[in-house]
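Colleague: First the structure, which I've put down as structure tokens, then a few questions once you've had a look.
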Amino acid sequence: AGSGSETEVTWEDQENINKFGRLNNRFHELEDEIRITKEANENFEDACNELILTDEETVRFQIGEVFAHVPKDEVETRIEKMTETTTKHLEKLKNEKDAVVAQMAELKKVLYAKFKDSINLEED
């Protein structure tokens with residue numbers, strides 16, 4: 001006693017639906033990682049600005065959970081390297097996010113073509 005618009009779900013369809021779900025989860029993970037990495041870069045930029053303003057030759061620098069007195073120019077070098085590393089990581093995350101979005105778009109086309117209104121792949 002179906003409505004007549006029931007479309008049979010094949011193994012391949014189920015695989016595509018599951019893949020879409022995994023990609024959607026990864027998309028949200030990437031968005032969180034990108035946000036956190038951007039915040040880290042902003043913090044590094046703030047730290048660089050603070051270093052410019054200070055007159056001290058030795059500044060406190062956090063290494064792990066400990067603060068150490070480190071020469072100002074060494075701290076600048078470390079922060080530049082940290083910024084460079086996080087910027088590269090951010091670029092990698094953005095590229096992965098673009099790839100995930102592209103794969104999700106392809107799966108949406110395939111799934112909506114077959115299931116039309118019977119499936120909802122949109123975020124609420």
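Ordering of the structure tokens sets the chain letters (A, B, ...); residue numbers start at 1 within each chain; ligands are numbered from 1 in the order shown.
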Leaving out Asn24 in chain A and any residue of its chain fewer than 2 positions from it, which residues lie within 12 Å of it when counting only C-alpha atoms, given as a PDB file with N, CA, C and O atoms, in the first residue's frame?
Modeller:
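That gives us out05.pdb:
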ATOM      1  N   ILE A  17      24.303   6.968  -0.868  1.00  0.00           N
ATOM      2  CA  ILE A  17      23.720   7.692   0.262  1.00  0.00           C
ATOM      3  C   ILE A  17      24.684   7.679   1.445  1.00  0.00           C
ATOM      4  O   ILE A  17      24.912   8.707   2.089  1.00  0.00           O
ATOM      5  N   ASN A  18      25.267   6.518   1.715  1.00  0.00           N
ATOM      6  CA  ASN A  18      26.233   6.408   2.819  1.00  0.00           C
ATOM      7  C   ASN A  18      27.460   7.271   2.555  1.00  0.00           C
ATOM      8  O   ASN A  18      27.967   7.934   3.467  1.00  0.00           O
ATOM      9  N   LYS A  19      27.927   7.262   1.313  1.00  0.00           N
ATOM     10  CA  LYS A  19      29.104   8.074   0.956  1.00  0.00           C
ATOM     11  C   LYS A  19      28.783   9.554   1.155  1.00  0.00           C
ATOM     12  O   LYS A  19      29.607  10.309   1.667  1.00  0.00           O
ATOM     13  N   PHE A  20      27.588   9.960   0.745  1.00  0.00           N
ATOM     14  CA  PHE A  20      27.183  11.357   0.930  1.00  0.00           C
ATOM     15  C   PHE A  20      27.191  11.716   2.412  1.00  0.00           C
ATOM     16  O   PHE A  20      27.672  12.776   2.799  1.00  0.00           O
ATOM     17  N   GLY A  21      26.686  10.817   3.247  1.00  0.00           N
ATOM     18  CA  GLY A  21      26.668  11.060   4.692  1.00  0.00           C
ATOM     19  C   GLY A  21      28.070  11.211   5.258  1.00  0.00           C
ATOM     20  O   GLY A  21      28.334  12.106   6.070  1.00  0.00           O
ATOM     21  N   ARG A  22      28.982  10.344   4.823  1.00  0.00           N
ATOM     22  CA  ARG A  22      30.374  10.443   5.292  1.00  0.00           C
ATOM     23  C   ARG A  22      31.013  11.745   4.822  1.00  0.00           C
ATOM     24  O   ARG A  22      31.730  12.405   5.588  1.00  0.00           O
ATOM     25  N   ARG A  26      32.512  14.841   7.058  1.00  0.00           N
ATOM     26  CA  ARG A  26      33.870  15.359   6.850  1.00  0.00           C
ATOM     27  C   ARG A  26      33.821  16.859   6.548  1.00  0.00           C
ATOM     28  O   ARG A  26      34.678  17.619   7.005  1.00  0.00           O
ATOM     29  N   PHE A  27      32.812  17.283   5.786  1.00  0.00           N
ATOM     30  CA  PHE A  27      32.643  18.702   5.470  1.00  0.00           C
ATOM     31  C   PHE A  27      32.535  19.521   6.749  1.00  0.00           C
ATOM     32  O   PHE A  27      33.196  20.550   6.907  1.00  0.00           O
ATOM     33  N   HIS A  28      31.725  19.046   7.703  1.00  0.00           N
ATOM     34  CA  HIS A  28      31.553  19.785   8.964  1.00  0.00           C
ATOM     35  C   HIS A  28      32.826  19.753   9.800  1.00  0.00           C
ATOM     36  O   HIS A  28      33.178  20.752  10.439  1.00  0.00           O
ATOM     37  N   GLU A  29      33.536  18.632   9.790  1.00  0.00           N
ATOM     38  CA  GLU A  29      34.822  18.558  10.492  1.00  0.00           C
ATOM     39  C   GLU A  29      35.807  19.561   9.903  1.00  0.00           C
ATOM     40  O   GLU A  29      36.514  20.254  10.638  1.00  0.00           O
ATOM     41  N   LEU A  30      35.846  19.626   8.586  1.00  0.00           N
ATOM     42  CA  LEU A  30      36.762  20.561   7.911  1.00  0.00           C
ATOM     43  C   LEU A  30      36.412  22.006   8.240  1.00  0.00           C
ATOM     44  O   LEU A  30      37.312  22.822   8.463  1.00  0.00           O
ATOM     45  N   GLU A  31      35.121  22.322   8.261  1.00  0.00           N
ATOM     46  CA  GLU A  31      34.723  23.692   8.603  1.00  0.00           C
ATOM     47  C   GLU A  31      35.215  24.065  10.003  1.00  0.00           C
ATOM     48  O   GLU A  31      35.703  25.168  10.211  1.00  0.00           O
ATOM     49  N   LYS A  97      38.227  20.702   1.526  1.00  0.00           N
ATOM     50  CA  LYS A  97      36.817  21.086   1.635  1.00  0.00           C
ATOM     51  C   LYS A  97      36.216  21.280   0.242  1.00  0.00           C
ATOM     52  O   LYS A  97      35.100  20.824  -0.024  1.00  0.00           O
ATOM     53  N   ALA A  99      37.142  19.839  -2.512  1.00  0.00           N
ATOM     54  CA  ALA A  99      36.996  18.512  -3.114  1.00  0.00           C
ATOM     55  C   ALA A  99      35.768  17.795  -2.558  1.00  0.00           C
ATOM     56  O   ALA A  99      35.006  17.166  -3.298  1.00  0.00           O
ATOM     57  N   VAL A 100      35.553  17.900  -1.246  1.00  0.00           N
ATOM     58  CA  VAL A 100      34.398  17.269  -0.606  1.00  0.00           C
ATOM     59  C   VAL A 100      33.100  17.882  -1.148  1.00  0.00           C
ATOM     60  O   VAL A 100      32.153  17.166  -1.473  1.00  0.00           O
ATOM     61  N   VAL A 101      33.070  19.202  -1.256  1.00  0.00           N
ATOM     62  CA  VAL A 101      31.875  19.889  -1.768  1.00  0.00           C
ATOM     63  C   VAL A 101      31.577  19.434  -3.202  1.00  0.00           C
ATOM     64  O   VAL A 101      30.416  19.175  -3.563  1.00  0.00           O
ATOM     65  N   ALA A 102      32.619  19.288  -4.010  1.00  0.00           N
ATOM     66  CA  ALA A 102      32.440  18.850  -5.405  1.00  0.00           C
ATOM     67  C   ALA A 102      31.888  17.419  -5.454  1.00  0.00           C
ATOM     68  O   ALA A 102      30.962  17.127  -6.229  1.00  0.00           O
ATOM     69  N   GLN A 103      32.429  16.530  -4.617  1.00  0.00           N
ATOM     70  CA  GLN A 103      31.933  15.147  -4.584  1.00  0.00           C
ATOM     71  C   GLN A 103      30.484  15.099  -4.107  1.00  0.00           C
ATOM     72  O   GLN A 103      29.671  14.337  -4.647  1.00  0.00           O
ATOM     73  N   MET A 104      30.163  15.921  -3.103  1.00  0.00           N
ATOM     74  CA  MET A 104      28.785  15.963  -2.601  1.00  0.00           C
ATOM     75  C   MET A 104      27.832  16.456  -3.690  1.00  0.00           C
ATOM     76  O   MET A 104      26.724  15.930  -3.839  1.00  0.00           O
ATOM     77  N   ALA A 105      28.254  17.433  -4.481  1.00  0.00           N
ATOM     78  CA  ALA A 105      27.414  17.967  -5.554  1.00  0.00           C
ATOM     79  C   ALA A 105      27.133  16.886  -6.597  1.00  0.00           C
ATOM     80  O   ALA A 105      26.000  16.753  -7.085  1.00  0.00           O
ATOM     81  N   LEU A 107      27.165  13.605  -6.093  1.00  0.00           N
ATOM     82  CA  LEU A 107      26.258  12.618  -5.508  1.00  0.00           C
ATOM     83  C   LEU A 107      24.827  13.158  -5.425  1.00  0.00           C
ATOM     84  O   LEU A 107      23.864  12.407  -5.636  1.00  0.00           O
ATOM     85  N   LYS A 108      24.687  14.453  -5.130  1.00  0.00           N
ATOM     86  CA  LYS A 108      23.350  15.054  -5.092  1.00  0.00           C
ATOM     87  C   LYS A 108      22.668  14.913  -6.444  1.00  0.00           C
ATOM     88  O   LYS A 108      21.482  14.560  -6.526  1.00  0.00           O
ATOM     89  N   LEU A 121      18.713  15.876   0.841  1.00  0.00           N
ATOM     90  CA  LEU A 121      20.147  15.912   1.126  1.00  0.00           C
ATOM     91  C   LEU A 121      20.584  17.310   1.562  1.00  0.00           C
ATOM     92  O   LEU A 121      21.777  17.578   1.659  1.00  0.00           O
ATOM     93  N   GLU A 122      19.625  18.161   1.843  1.00  0.00           N
ATOM     94  CA  GLU A 122      19.942  19.541   2.226  1.00  0.00           C
ATOM     95  C   GLU A 122      20.044  19.672   3.742  1.00  0.00           C
ATOM     96  O   GLU A 122      19.405  18.939   4.482  1.00  0.00           O
ATOM     97  N   GLU A 123      20.850  20.647   4.176  1.00  0.00           N
ATOM     98  CA  GLU A 123      20.946  20.944   5.605  1.00  0.00           C
ATOM     99  C   GLU A 123      19.698  21.700   6.023  1.00  0.00           C
ATOM    100  O   GLU A 123      19.109  22.439   5.255  1.00  0.00           O
TER     101      GLU A 123
END
Colleague: Can you tell me which residues surround Val110 in chain A at a distance of at most 10 Å, considering only C-alpha atoms, apart from same-chain residues fewer than 6 positions away, and format the answer as a list in words?
Modeller: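 Result of the neighbour search: Asp13, Asn16, Met104 and Lys116 of chain A.
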Colleague: Mind dumping the selected residues with N, CA, C and O atoms as a PDB file, in the first residue's frame?
Modeller:
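part-v2.pdb was written with the following content:
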ATOM      1  N   ASP A  13      22.723   2.577  -4.772  1.00  0.00           N
ATOM      2  CA  ASP A  13      22.080   3.782  -4.225  1.00  0.00           C
ATOM      3  C   ASP A  13      22.418   3.932  -2.746  1.00  0.00           C
ATOM      4  O   ASP A  13      22.747   5.023  -2.277  1.00  0.00           O
ATOM      5  N   ASN A  16      25.871   5.145  -2.314  1.00  0.00           N
ATOM      6  CA  ASN A  16      25.959   6.585  -2.605  1.00  0.00           C
ATOM      7  C   ASN A  16      25.406   7.426  -1.457  1.00  0.00           C
ATOM      8  O   ASN A  16      25.982   8.457  -1.104  1.00  0.00           O
ATOM      9  N   MET A 104      30.163  15.921  -3.103  1.00  0.00           N
ATOM     10  CA  MET A 104      28.785  15.963  -2.601  1.00  0.00           C
ATOM     11  C   MET A 104      27.832  16.456  -3.690  1.00  0.00           C
ATOM     12  O   MET A 104      26.724  15.930  -3.839  1.00  0.00           O
ATOM     13  N   LYS A 116      14.252  12.009  -6.797  1.00  0.00           N
ATOM     14  CA  LYS A 116      13.491  13.263  -6.870  1.00  0.00           C
ATOM     15  C   LYS A 116      13.161  13.798  -5.463  1.00  0.00           C
ATOM     16  O   LYS A 116      14.034  14.041  -4.682  1.00  0.00           O
TER      17      LYS A 116
END
Colleague: Can you pull out every residue from chain A that DSSP, working from the backbone, puts in helix (DSSP H, G or I), and format the result as an MDAnalysis selection string?
Modeller: chainID A and resid 11:53 72:118
Colleague: Could you name the residues that touch range 40-52 of chain A at 12 Å or less, counting only C-alpha atoms, but leaving out those on the same chain fewer than 4 positions away, as a short mmCIF file (atom, residue, chain, number, x, y, z; two decimals) with all heavy atoms, in the first residue's frame?
Modeller:
data_model
loop_
_atom_site.label_atom_id
_atom_site.label_comp_id
_atom_site.auth_asym_id
_atom_site.auth_seq_id
_atom_site.Cartn_x
_atom_site.Cartn_y
_atom_site.Cartn_z
N GLU A 33 37.80 22.66 11.62
CA GLU A 33 39.26 22.75 11.58
C GLU A 33 39.72 24.06 10.95
O GLU A 33 40.69 24.67 11.41
CB GLU A 33 39.86 21.56 10.80
CG GLU A 33 39.86 20.27 11.56
CD GLU A 33 40.58 19.16 10.79
OE1 GLU A 33 41.76 19.33 10.46
OE2 GLU A 33 39.92 18.14 10.53
N ILE A 34 39.03 24.48 9.89
CA ILE A 34 39.38 25.73 9.21
C ILE A 34 39.18 26.91 10.17
O ILE A 34 40.04 27.79 10.27
CB ILE A 34 38.55 25.91 7.92
CG1 ILE A 34 39.07 24.93 6.86
CG2 ILE A 34 38.59 27.34 7.41
CD1 ILE A 34 38.19 24.82 5.62
N ARG A 35 38.07 26.91 10.90
CA ARG A 35 37.79 27.99 11.86
C ARG A 35 38.89 28.04 12.93
O ARG A 35 39.42 29.11 13.24
CB ARG A 35 36.42 27.78 12.51
CG ARG A 35 36.03 28.84 13.52
CD ARG A 35 34.71 28.54 14.21
NE ARG A 35 34.56 27.18 14.69
CZ ARG A 35 35.14 26.69 15.79
NH1 ARG A 35 35.90 27.46 16.53
NH2 ARG A 35 34.95 25.42 16.15
N ILE A 36 39.25 26.89 13.48
CA ILE A 36 40.28 26.83 14.52
C ILE A 36 41.63 27.29 13.98
O ILE A 36 42.36 28.03 14.65
CB ILE A 36 40.36 25.39 15.09
CG1 ILE A 36 39.10 25.09 15.90
CG2 ILE A 36 41.61 25.19 15.93
CD1 ILE A 36 38.90 23.62 16.23
N GLU A 56 61.22 45.21 25.27
CA GLU A 56 62.02 44.17 25.91
C GLU A 56 62.85 43.41 24.88
O GLU A 56 62.40 43.17 23.78
CB GLU A 56 61.11 43.18 26.66
CG GLU A 56 60.16 43.81 27.65
CD GLU A 56 60.88 44.42 28.83
OE1 GLU A 56 61.87 43.84 29.29
OE2 GLU A 56 60.44 45.49 29.29
N GLU A 57 64.07 43.02 25.29
CA GLU A 57 64.91 42.18 24.43
C GLU A 57 64.61 40.70 24.65
O GLU A 57 64.83 39.88 23.76
CB GLU A 57 66.40 42.46 24.70
CG GLU A 57 66.87 43.78 24.11
CD GLU A 57 66.60 43.90 22.61
OE1 GLU A 57 66.93 42.96 21.87
OE2 GLU A 57 66.03 44.93 22.19
N THR A 58 64.12 40.38 25.85
CA THR A 58 63.75 39.00 26.18
C THR A 58 62.28 39.01 26.56
O THR A 58 61.83 39.84 27.33
CB THR A 58 64.57 38.49 27.39
OG1 THR A 58 65.95 38.63 27.09
CG2 THR A 58 64.27 37.05 27.67
N VAL A 59 61.52 38.10 25.95
CA VAL A 59 60.08 38.03 26.22
C VAL A 59 59.72 36.63 26.70
O VAL A 59 60.44 35.66 26.45
CB VAL A 59 59.24 38.39 24.97
CG1 VAL A 59 59.42 39.84 24.60
CG2 VAL A 59 59.59 37.50 23.80
N ARG A 60 58.58 36.54 27.39
CA ARG A 60 58.10 35.23 27.83
C ARG A 60 57.40 34.57 26.66
O ARG A 60 56.54 35.16 26.02
CB ARG A 60 57.14 35.39 29.01
CG ARG A 60 57.84 35.83 30.26
CD ARG A 60 56.93 36.14 31.43
NE ARG A 60 55.53 35.80 31.24
CZ ARG A 60 54.76 35.18 32.15
NH1 ARG A 60 55.28 34.83 33.30
NH2 ARG A 60 53.50 34.94 31.91
N PHE A 61 57.81 33.32 26.40
CA PHE A 61 57.26 32.57 25.27
C PHE A 61 56.79 31.22 25.80
O PHE A 61 57.52 30.53 26.51
CB PHE A 61 58.35 32.38 24.21
CG PHE A 61 57.88 31.70 22.95
CD1 PHE A 61 57.09 32.38 22.03
CD2 PHE A 61 58.23 30.38 22.68
CE1 PHE A 61 56.66 31.76 20.87
CE2 PHE A 61 57.80 29.76 21.52
CZ PHE A 61 57.02 30.45 20.61
N GLN A 62 55.56 30.85 25.46
CA GLN A 62 55.01 29.60 25.97
C GLN A 62 55.48 28.44 25.11
O GLN A 62 55.29 28.43 23.90
CB GLN A 62 53.48 29.64 25.99
CG GLN A 62 52.87 28.42 26.63
CD GLN A 62 51.36 28.54 26.79
OE1 GLN A 62 50.76 29.53 26.38
NE2 GLN A 62 50.76 27.53 27.36
N PRO A 71 64.89 35.25 23.67
CA PRO A 71 65.19 36.51 22.97
C PRO A 71 64.08 36.87 21.97
O PRO A 71 63.52 35.99 21.30
CB PRO A 71 66.50 36.20 22.24
CG PRO A 71 67.11 35.07 23.01
CD PRO A 71 65.96 34.28 23.56
N LYS A 72 63.79 38.16 21.91
CA LYS A 72 62.69 38.66 21.09
C LYS A 72 62.80 38.21 19.63
O LYS A 72 61.82 37.77 19.04
CB LYS A 72 62.68 40.20 21.17
CG LYS A 72 61.59 40.87 20.39
CD LYS A 72 61.69 42.38 20.56
CE LYS A 72 60.75 43.11 19.65
NZ LYS A 72 60.84 44.56 19.82
N ASP A 73 64.00 38.30 19.03
CA ASP A 73 64.13 37.93 17.61
C ASP A 73 63.92 36.43 17.39
O ASP A 73 63.41 36.02 16.35
CB ASP A 73 65.45 38.42 16.99
CG ASP A 73 66.64 38.32 17.92
OD1 ASP A 73 66.43 38.13 19.13
OD2 ASP A 73 67.77 38.47 17.43
N GLU A 74 64.26 35.61 18.37
CA GLU A 74 64.01 34.17 18.24
C GLU A 74 62.50 33.89 18.28
O GLU A 74 61.99 33.06 17.53
CB GLU A 74 64.72 33.38 19.35
CG GLU A 74 64.54 31.88 19.21
CD GLU A 74 65.22 31.09 20.31
OE1 GLU A 74 66.22 31.55 20.88
OE2 GLU A 74 64.71 29.99 20.60
N VAL A 75 61.80 34.62 19.14
CA VAL A 75 60.35 34.48 19.22
C VAL A 75 59.71 34.90 17.91
O VAL A 75 58.81 34.22 17.40
CB VAL A 75 59.78 35.29 20.41
CG1 VAL A 75 58.26 35.30 20.38
CG2 VAL A 75 60.28 34.73 21.73
N GLU A 76 60.18 35.99 17.33
CA GLU A 76 59.65 36.44 16.04
C GLU A 76 59.83 35.36 14.97
O GLU A 76 58.91 35.07 14.21
CB GLU A 76 60.35 37.74 15.59
CG GLU A 76 59.91 38.96 16.36
CD GLU A 76 60.71 40.22 15.99
OE1 GLU A 76 61.78 40.11 15.35
OE2 GLU A 76 60.25 41.31 16.35
N THR A 77 61.01 34.75 14.94
CA THR A 77 61.29 33.69 13.98
C THR A 77 60.36 32.50 14.20
O THR A 77 59.80 31.95 13.24
CB THR A 77 62.77 33.25 14.09
OG1 THR A 77 63.60 34.39 13.90
CG2 THR A 77 63.10 32.20 13.05
N ARG A 78 60.20 32.11 15.46
CA ARG A 78 59.32 30.98 15.77
C ARG A 78 57.88 31.25 15.36
O ARG A 78 57.21 30.39 14.79
CB ARG A 78 59.37 30.65 17.26
CG ARG A 78 60.62 29.94 17.69
CD ARG A 78 60.53 29.61 19.17
NE ARG A 78 61.74 28.96 19.63
CZ ARG A 78 61.75 28.03 20.56
NH1 ARG A 78 60.64 27.65 21.14
NH2 ARG A 78 62.89 27.47 20.93
N ILE A 79 57.41 32.45 15.65
CA ILE A 79 56.03 32.79 15.31
C ILE A 79 55.85 32.81 13.79
O ILE A 79 54.82 32.35 13.27
CB ILE A 79 55.61 34.13 15.96
CG1 ILE A 79 55.50 33.96 17.47
CG2 ILE A 79 54.27 34.62 15.39
CD1 ILE A 79 55.23 35.24 18.22
N GLU A 80 56.84 33.33 13.07
CA GLU A 80 56.76 33.33 11.60
C GLU A 80 56.66 31.91 11.06
O GLU A 80 55.87 31.63 10.16
CB GLU A 80 57.98 34.03 11.00
CG GLU A 80 57.94 35.54 11.14
CD GLU A 80 59.26 36.21 10.73
OE1 GLU A 80 60.15 35.53 10.17
OE2 GLU A 80 59.40 37.42 10.98
N LYS A 81 57.47 30.99 11.63
CA LYS A 81 57.42 29.59 11.19
C LYS A 81 56.07 28.96 11.52
O LYS A 81 55.51 28.21 10.73
CB LYS A 81 58.54 28.78 11.85
CG LYS A 81 59.91 29.05 11.27
CD LYS A 81 60.97 28.21 11.96
CE LYS A 81 62.35 28.57 11.42
NZ LYS A 81 63.42 27.89 12.18
N MET A 82 55.55 29.26 12.71
CA MET A 82 54.25 28.73 13.12
C MET A 82 53.14 29.26 12.20
O MET A 82 52.24 28.51 11.81
CB MET A 82 53.97 29.08 14.58
CG MET A 82 54.89 28.36 15.56
SD MET A 82 55.01 29.13 17.19
CE MET A 82 53.44 28.74 17.90
N THR A 83 53.23 30.53 11.86
CA THR A 83 52.24 31.13 10.96
C THR A 83 52.31 30.47 9.60
O THR A 83 51.28 30.14 9.00
CB THR A 83 52.48 32.66 10.83
OG1 THR A 83 52.41 33.25 12.13
CG2 THR A 83 51.46 33.30 9.91
N GLU A 84 53.53 30.28 9.10
CA GLU A 84 53.72 29.64 7.80
C GLU A 84 53.13 28.23 7.80
O GLU A 84 52.43 27.84 6.86
CB GLU A 84 55.23 29.59 7.51
CG GLU A 84 55.59 29.19 6.10
CD GLU A 84 57.10 29.24 5.89
OE1 GLU A 84 57.71 30.29 6.18
OE2 GLU A 84 57.65 28.22 5.44
N THR A 85 53.39 27.48 8.86
CA THR A 85 52.88 26.12 8.96
C THR A 85 51.36 26.10 8.99
O THR A 85 50.73 25.31 8.26
CB THR A 85 53.43 25.43 10.23
OG1 THR A 85 54.86 25.44 10.18
CG2 THR A 85 52.95 24.00 10.35
N THR A 86 50.75 26.96 9.80
CA THR A 86 49.29 26.96 9.89
C THR A 86 48.66 27.49 8.59
O THR A 86 47.59 27.03 8.21
CB THR A 86 48.76 27.77 11.09
OG1 THR A 86 49.29 29.08 11.03
CG2 THR A 86 49.10 27.11 12.40
N THR A 87 49.33 28.40 7.91
CA THR A 87 48.81 28.91 6.64
C THR A 87 48.79 27.79 5.59
O THR A 87 47.81 27.63 4.85
CB THR A 87 49.64 30.11 6.14
OG1 THR A 87 49.57 31.14 7.13
CG2 THR A 87 49.12 30.65 4.83
N LYS A 88 49.86 27.00 5.55
CA LYS A 88 49.90 25.86 4.62
C LYS A 88 48.82 24.85 4.98
O LYS A 88 48.15 24.30 4.10
CB LYS A 88 51.28 25.19 4.65
CG LYS A 88 52.36 25.97 3.96
CD LYS A 88 53.70 25.26 4.05
CE LYS A 88 54.80 26.12 3.44
NZ LYS A 88 56.13 25.51 3.65
N HIS A 89 48.66 24.59 6.27
CA HIS A 89 47.64 23.65 6.73
C HIS A 89 46.24 24.16 6.36
O HIS A 89 45.39 23.39 5.91
CB HIS A 89 47.77 23.44 8.24
CG HIS A 89 46.82 22.45 8.81
ND1 HIS A 89 46.81 21.12 8.43
CD2 HIS A 89 45.83 22.57 9.74
CE1 HIS A 89 45.86 20.48 9.10
NE2 HIS A 89 45.25 21.35 9.89
N LEU A 90 46.02 25.45 6.53
CA LEU A 90 44.74 26.06 6.19
C LEU A 90 44.44 25.89 4.70
O LEU A 90 43.32 25.55 4.31
CB LEU A 90 44.75 27.55 6.57
CG LEU A 90 43.47 28.34 6.35
CD1 LEU A 90 42.34 27.77 7.20
CD2 LEU A 90 43.69 29.80 6.71
#
Colleague: Which of chain A counts as strand (DSSP E or B) under DSSP, as JSON, numbers by chain please?
Modeller: {"A": [58, 59, 60, 61, 62, 63, 66, 67, 68, 69, 70, 71]}
Colleague: Work out how far CA of Phe115 in chain A is from CA of Thr7 in chain A, in Å to one decimal.
Modeller: 6.5 Å
Colleague: Suppose you want the space between CA of Trp11 in chain A and CA of Asp98 in chain A; what is it in Å?
Modeller: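 These atoms are spaced 27.3 Å apart.
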